[in-house]
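A.B. asks: I am sharing protein_28.txt, which consists of compact mmCIF, C-alpha atoms:
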```txt
# COMPACT_ATOMS: atom_id res chain seq x y z
CA MET A 6 99.44 81.41 101.83
CA ILE A 7 97.57 82.10 98.60
CA TYR A 8 99.33 83.99 95.81
CA SER A 9 97.42 86.25 93.41
CA VAL A 10 99.35 87.08 90.26
CA GLY A 11 98.22 89.67 87.75
CA SER A 12 96.85 93.15 87.39
CA ILE A 13 96.59 96.04 89.79
CA PHE A 14 94.90 99.35 88.98
CA LEU A 15 93.93 102.54 90.66
CA ASP A 16 90.20 102.71 89.95
CA HIS A 17 88.56 106.13 89.97
CA ILE A 18 84.86 105.47 90.59
CA ILE A 19 82.81 108.40 89.29
CA LYS A 20 79.28 108.35 90.68
CA ILE A 21 76.59 109.78 88.39
CA ASN A 22 72.81 109.87 88.61
CA SER A 23 72.25 108.27 85.19
CA PHE A 24 73.90 107.86 81.81
CA PRO A 25 72.82 110.51 79.29
CA LYS A 26 71.24 109.44 76.00
CA LYS A 27 73.43 111.93 74.08
CA PRO A 28 76.98 113.15 74.86
CA VAL A 29 76.54 116.04 77.30
CA LYS A 30 78.27 117.26 80.45
CA VAL A 31 77.24 115.27 83.51
CA LEU A 32 77.78 116.44 87.08
CA ALA A 33 79.50 113.79 89.20
CA GLU A 34 77.93 113.14 92.59
CA GLY A 35 81.26 111.92 93.94
CA ILE A 36 84.59 110.40 92.98
CA GLU A 37 86.25 107.58 94.96
CA LYS A 38 89.68 106.02 94.64
CA ARG A 39 89.81 102.23 95.02
CA LEU A 40 92.26 99.40 94.63
CA GLY A 41 91.39 97.64 91.37
CA GLY A 42 92.61 94.92 89.07
CA SER A 43 91.50 91.30 89.24
CA ALA A 44 94.52 89.88 91.09
CA ALA A 45 94.74 92.79 93.54
CA VAL A 46 91.02 92.56 94.34
CA ALA A 47 91.34 88.78 94.74
CA SER A 48 94.15 89.33 97.27
CA PHE A 49 91.98 91.80 99.18
CA THR A 50 89.04 89.37 99.22
CA ILE A 51 91.22 86.46 100.36
CA LYS A 52 92.62 88.61 103.17
CA LYS A 53 89.09 89.60 104.27
CA LEU A 54 88.36 85.87 104.60
CA GLY A 55 91.22 85.65 107.11
CA ILE A 56 93.72 83.85 104.88
CA ASP A 57 97.30 85.04 104.35
CA THR A 58 97.81 86.25 100.81
CA SER A 59 100.53 87.71 98.65
CA PHE A 60 99.99 89.85 95.55
CA ILE A 61 102.48 89.63 92.68
CA GLY A 62 102.17 92.13 89.86
CA ARG A 63 103.88 95.08 88.29
CA MET A 64 103.57 98.79 88.89
CA GLY A 65 105.27 101.95 87.78
CA ASP A 66 107.36 104.13 90.06
CA ASP A 67 104.84 106.99 90.24
CA ASP A 68 102.51 108.44 92.87
CA VAL A 69 99.83 105.94 91.86
CA SER A 70 102.21 103.10 92.72
CA ASN A 71 102.77 104.68 96.13
CA TYR A 72 99.00 104.76 96.69
CA LEU A 73 98.54 101.14 95.55
CA ARG A 74 101.36 99.84 97.72
CA GLY A 75 99.93 101.84 100.62
CA GLU A 76 96.55 100.14 100.16
CA LEU A 77 98.20 96.71 100.08
CA ASN A 78 100.16 97.59 103.23
CA LYS A 79 97.04 98.92 104.98
CA PHE A 80 95.38 95.52 104.62
CA ASN A 81 98.59 93.55 105.36
CA ILE A 82 98.74 92.04 101.89
CA LYS A 83 102.29 90.97 101.11
CA HIS A 84 103.67 92.28 97.81
CA LYS A 85 107.45 92.05 98.09
CA ASP A 86 107.69 89.96 94.90
CA SER A 87 105.92 92.59 92.81
CA ILE A 88 107.93 94.39 90.15
CA ILE A 89 108.36 98.17 90.18
CA ILE A 90 109.28 99.38 86.68
CA LYS A 91 111.35 102.56 86.76
CA GLY A 92 110.22 105.47 84.59
CA THR A 93 106.71 104.11 83.97
CA LYS A 94 103.23 104.92 85.19
CA SER A 95 100.96 102.51 87.02
CA SER A 96 97.67 101.46 85.45
CA GLN A 97 94.54 103.48 86.15
CA SER A 98 90.94 103.18 85.08
CA TYR A 99 87.93 105.46 85.26
CA VAL A 100 84.62 103.80 86.06
CA TYR A 101 81.38 105.72 85.65
CA GLU A 102 78.68 104.22 87.86
CA ASP A 103 75.02 105.25 87.88
CA ARG A 104 72.53 104.87 90.74
CA LYS A 105 71.35 101.51 89.36
CA GLY A 106 74.89 100.12 89.53
CA GLU A 107 75.42 100.13 85.76
CA ARG A 108 79.03 100.86 84.85
CA LEU A 109 81.06 102.25 81.97
CA LEU A 110 84.79 101.58 82.10
CA ALA A 111 87.53 103.70 80.53
CA ALA A 112 91.06 102.38 80.97
```
For this file, produce the structure as structure tokens.

C.D. replies:
Amino acid sequence: MIYSVGSIFLDHIIKINSFPKKPVKVLAEGIEKRLGGSAAVASFTIKKLGIDTSFIGRMGDDDVSNYLRGELNKFNIKHKDSIIIKGTKSSQSYVYEDRKGERLLAA
């Protein structure tokens, strides 16, 4: 069993054609929701390698937390030692990604 301790996020990946040179409206080509955060992603990667893993982190008690725990459950990543903090929101980030793979992160 490998334990990953640390952050978990709901990443919103916003696909765009390219970054504008000046601030203008940009039409998104798609938006994806993904499990994010270094420790959570490490747990996912370890599990894909066929090794039992457990994620330990903290989340709020909101809908985002429900989604994140659902993703951990879907991939059979244990998380019973994680902390759910009542009355708070889970972390989210917005990642703008162009066709070349360049990214801009807003958290």

A.B. asks: Select all residues near (96.0, 102.8, 89.6) (cut-off 12 Å, inclusive, file coordinates), counting only C-alpha atoms, and output them as a ChimeraX atom specification.

C.D. replies: /A:12-18,38-42,45,63-76,94-100,112

A.B. asks: Find the residues around Gly11 of chain A up to 7 Å (all atoms listed in the file counted), leave out those fewer than 2 positions away in its own chain, and share them as a list in words.

C.D. replies: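 These residues fall inside the cut-off: Ser9, Ile13, Ala44, Ile61 and Gly62 of chain A.
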
A.B. asks: Store the residues picked out above in a file with C-alpha atoms, as a PDB file, in the frame of the given file.

C.D. replies:
```
ATOM      1  CA  SER A   9      97.420  86.250  93.410  1.00  0.00           C
ATOM      2  CA  ILE A  13      96.590  96.040  89.790  1.00  0.00           C
ATOM      3  CA  ALA A  44      94.520  89.880  91.090  1.00  0.00           C
ATOM      4  CA  ILE A  61     102.480  89.630  92.680  1.00  0.00           C
ATOM      5  CA  GLY A  62     102.170  92.130  89.860  1.00  0.00           C
TER       6      GLY A  62
END
```

A.B. asks: Mind giving me the straight-line distance from atom CA of Lys85 of chain A to atom CA of Gly55 of chain A in Å, one decimal?

C.D. replies: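 Computing it gives 19.6 Å between the two atoms.
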
A.B. asks: Would you compute the distance between atom CA of Tyr101 of chain A and atom CA of Phe49 of chain A? Give it in Å to one decimal.

C.D. replies: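 It comes out at 22.1 Å.
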
A.B. asks: So for segment 45-57 of chain A, what box centre and size do we get, axis-aligned, 6 Å extra on each of the six sides, every listed atom, Å to one decimal, as lines of an AutoDock Vina configuration file?

C.D. replies:
```
center_x = 92.8
center_y = 88.3
center_z = 100.3
size_x = 20.9
size_y = 20.9
size_z = 25.6
```

A.B. asks: Between atom CA of Val46 of chain A and atom CA of Ile90 of chain A, what is the distance, to one decimal in Å?

C.D. replies: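 Value for the atom CA of Val46 of chain A-atom CA of Ile90 of chain A distance: 20.9 Å.
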
A.B. asks: Which of these, A:Gly106, A:Lys91, A:Pro25, A:Tyr8, has the shortest distance to Lys52 of chain A once you count all atoms listed in the file?

C.D. replies: A:Tyr8

A.B. asks: For each of A:Val10, A:Val29, A:Ile21, A:Ala111, take the minimum atom-to-atom distance to Ser43 of chain A, counting only C-alpha atoms, then give the residue where this is smallest.

C.D. replies: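 Checking each of A:Val10, A:Val29, A:Ile21, A:Ala111 against Ser43 of chain A, counting only C-alpha atoms, the winner is A:Val10.
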
A.B. asks: Taking into account all atoms listed in the file, which residue in the set A:Leu109, A:Ile82, A:Val31, A:Gly92 is nearest to Ile51 of chain A?

C.D. replies: A:Ile82

A.B. asks: Nearest to Ile19 of chain A among A:Leu77, A:Ala33, A:Ile7, A:Lys105, with distances taken over all atoms listed in the file: which residue is it?

C.D. replies: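 Looking only at the distances to Ile19 of chain A, the closest residue turns out to be A:Ala33.
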
A.B. asks: Nearest to Gly35 of chain A: which of A:Arg104, A:Asn81, A:Met6, A:Leu54 is it, counting all atoms listed in the file?

C.D. replies: A:Arg104
